[in-house]
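Structure first, commentary second.
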Amino acid sequence: QVQLVESGGGLAQAGGSLRLSCAGSGTILSINTMGWYRQAPGKQRELVAELTSVGYIDYAESVKGRFAISRGNAKNTVNLQMNSLKPEDTAVYYCWTWTGGRNYWGQGTQVTVSS
């Protein structure tokens, strides 16, 4: 019903920047929330940033002031600009949407930050 495809990610040095993008397709209602989760090895998946269809934005405390989430120009797209990266940002990042009462996830993209 809903497909999410991430792009971006890769390897960066500490202090550097990366940009993630996600394109959603399928039955995504106009009322929705899109965002990004991440999961580091041995840790639980955690919310990084979310953006609702009415413009509400929230960030994890650990990324506030460094990451910025935004809607893309195309419908049902979301971006995550990651600046001042730290080694602890290393994780698999998953695009996520809540729509029609259900959660959907992308396949994930690896982000690795070297010290």
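All residue names refer to the structure tokens as shown: chains lettered A, B, ... in order, residues numbered from 1 in each chain, ligands numbered from 1 in order.
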Who sits within 7 Å of A:Ala60, only C-alpha atoms, same chain under 4 positions skipped, as a list in words: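 The residues that qualify are Leu47, Val48, Ala49 and Lys64 of chain A.
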Go ahead and write the selection's residues with N, CA and C atoms as a PDB file, in the first residue's frame.
```pdb
ATOM      1  N   LEU A  47      13.272   7.550  17.518  1.00  0.00           N
ATOM      2  CA  LEU A  47      12.829   8.630  16.645  1.00  0.00           C
ATOM      3  C   LEU A  47      13.910   9.708  16.572  1.00  0.00           C
ATOM      4  N   VAL A  48      14.223  10.129  15.372  1.00  0.00           N
ATOM      5  CA  VAL A  48      15.190  11.202  15.162  1.00  0.00           C
ATOM      6  C   VAL A  48      14.473  12.527  14.927  1.00  0.00           C
ATOM      7  N   ALA A  49      13.517  12.517  14.017  1.00  0.00           N
ATOM      8  CA  ALA A  49      12.793  13.742  13.692  1.00  0.00           C
ATOM      9  C   ALA A  49      11.485  13.382  13.013  1.00  0.00           C
ATOM     10  N   LYS A  64      18.987  17.934  18.199  1.00  0.00           N
ATOM     11  CA  LYS A  64      18.486  19.314  18.115  1.00  0.00           C
ATOM     12  C   LYS A  64      19.640  20.278  17.849  1.00  0.00           C
TER      13      LYS A  64
END
```
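The neighbours of stretch 7-9 of chain A here are the residues that come within 8 Å of it, using only C-alpha atoms and leaving out any residue fewer than 5 positions away in the same chain; they are A:Leu18, A:Arg19, A:Leu20, A:Ser21, A:Cys22, A:Thr109, A:Gln110, A:Val111, A:Thr112.
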Write out as a tab-separated table the residues of stretch 4-72 of chain A that have any atom within 6 Å of an atom of stretch 87-94 of chain A, one row each with the nearest atom pair and its distance in Å to one decimal, counting only C-alpha atoms, sorted by chain and then rising number.
```
residue	atom	partner	partner_atom	distance
A:Trp36	CA	A:Tyr94	CA	5.5
A:Tyr37	CA	A:Tyr94	CA	5.1
A:Arg38	CA	A:Tyr93	CA	4.2
A:Gln39	CA	A:Ala91	CA	5.2
A:Ala40	CA	A:Ala91	CA	4.2
```
Residues flagged helix (DSSP H, G or I) by DSSP in chain A, as JSON, numbers by chain: {"A": [61, 62, 63, 87, 88, 89]}
Interatomic distance, atom CA of A:Gly106 to atom CA of A:Glu61 (Å, one decimal):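 It comes out at 23.1 Å.
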Selected residue of minimal separation from A:Ser25 among A:Ile57, A:Leu11, A:Leu51, A:Ala74, counting only C-alpha atoms: A:Ala74
A:Ile69 environment, 8 Å, only C-alpha atoms, sequence neighbours closer than 2 positions dropped, as a ChimeraX atom specification: /A:35,49-51,57,67,71,78-81
Same residues, all heavy atoms, saved as a compact mmCIF listing (two decimals), in the first residue's frame:
```
# COMPACT_ATOMS: atom_id res chain seq x y z
N GLY A 35 8.82 11.09 8.83
CA GLY A 35 10.00 11.35 9.64
C GLY A 35 11.07 10.31 9.47
O GLY A 35 11.04 9.51 8.51
N ALA A 49 13.52 12.52 14.02
CA ALA A 49 12.79 13.74 13.69
C ALA A 49 11.48 13.38 13.01
O ALA A 49 11.42 12.37 12.31
CB ALA A 49 13.62 14.64 12.78
N GLU A 50 10.47 14.20 13.25
CA GLU A 50 9.19 13.98 12.61
C GLU A 50 8.58 15.31 12.20
O GLU A 50 8.85 16.35 12.81
CB GLU A 50 8.23 13.23 13.52
CG GLU A 50 7.89 13.95 14.80
CD GLU A 50 6.90 13.17 15.65
OE1 GLU A 50 6.30 12.21 15.15
OE2 GLU A 50 6.74 13.54 16.83
N LEU A 51 7.74 15.24 11.16
CA LEU A 51 7.12 16.43 10.60
C LEU A 51 5.69 16.06 10.21
O LEU A 51 5.49 15.16 9.40
CB LEU A 51 7.91 16.90 9.37
CG LEU A 51 7.35 18.01 8.51
CD1 LEU A 51 7.13 19.27 9.32
CD2 LEU A 51 8.29 18.29 7.35
N ILE A 57 6.91 20.02 14.03
CA ILE A 57 8.21 19.37 13.93
C ILE A 57 8.72 19.02 15.32
O ILE A 57 8.58 19.82 16.26
CB ILE A 57 9.23 20.27 13.22
CG1 ILE A 57 8.83 20.49 11.75
CG2 ILE A 57 10.63 19.68 13.29
CD1 ILE A 57 9.74 21.44 11.00
N PHE A 67 20.41 18.66 13.21
CA PHE A 67 19.64 18.05 12.13
C PHE A 67 18.44 18.93 11.80
O PHE A 67 17.89 19.61 12.68
CB PHE A 67 19.14 16.67 12.53
CG PHE A 67 20.20 15.62 12.65
CD1 PHE A 67 21.55 15.93 12.65
CD2 PHE A 67 19.84 14.29 12.77
CE1 PHE A 67 22.52 14.95 12.77
CE2 PHE A 67 20.79 13.30 12.90
CZ PHE A 67 22.13 13.63 12.91
N ARG A 71 10.01 18.95 4.25
CA ARG A 71 9.29 18.30 3.17
C ARG A 71 10.00 18.63 1.85
O ARG A 71 10.50 19.72 1.67
CB ARG A 71 7.85 18.81 3.10
CG ARG A 71 7.01 18.44 4.31
CD ARG A 71 6.36 17.09 4.17
NE ARG A 71 5.52 16.77 5.34
CZ ARG A 71 4.71 15.74 5.41
NH1 ARG A 71 4.61 14.90 4.40
NH2 ARG A 71 4.00 15.51 6.49
N VAL A 78 10.37 13.59 2.06
CA VAL A 78 10.89 14.21 3.27
C VAL A 78 12.40 14.10 3.25
O VAL A 78 12.95 13.10 2.79
CB VAL A 78 10.29 13.58 4.53
CG1 VAL A 78 10.68 12.11 4.67
CG2 VAL A 78 10.65 14.36 5.78
N ASN A 79 13.05 15.14 3.73
CA ASN A 79 14.50 15.19 3.76
C ASN A 79 15.00 15.36 5.19
O ASN A 79 14.29 15.89 6.05
CB ASN A 79 15.01 16.36 2.91
CG ASN A 79 14.53 16.30 1.49
OD1 ASN A 79 14.64 15.26 0.84
ND2 ASN A 79 13.99 17.40 1.00
N LEU A 80 16.22 14.91 5.42
CA LEU A 80 16.87 15.12 6.71
C LEU A 80 18.28 15.61 6.45
O LEU A 80 19.12 14.85 5.94
CB LEU A 80 16.90 13.83 7.53
CG LEU A 80 17.46 13.97 8.94
CD1 LEU A 80 16.52 14.81 9.80
CD2 LEU A 80 17.69 12.60 9.58
N GLN A 81 18.51 16.87 6.75
CA GLN A 81 19.85 17.44 6.65
C GLN A 81 20.56 17.23 7.97
O GLN A 81 20.08 17.68 9.01
CB GLN A 81 19.77 18.93 6.31
CG GLN A 81 21.11 19.61 6.21
CD GLN A 81 21.93 19.11 5.03
OE1 GLN A 81 21.41 18.88 3.95
NE2 GLN A 81 23.23 18.92 5.25
```
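As for atom CA of A:Asn76 and atom CA of A:Met34, they are spaced 8.2 Å apart.
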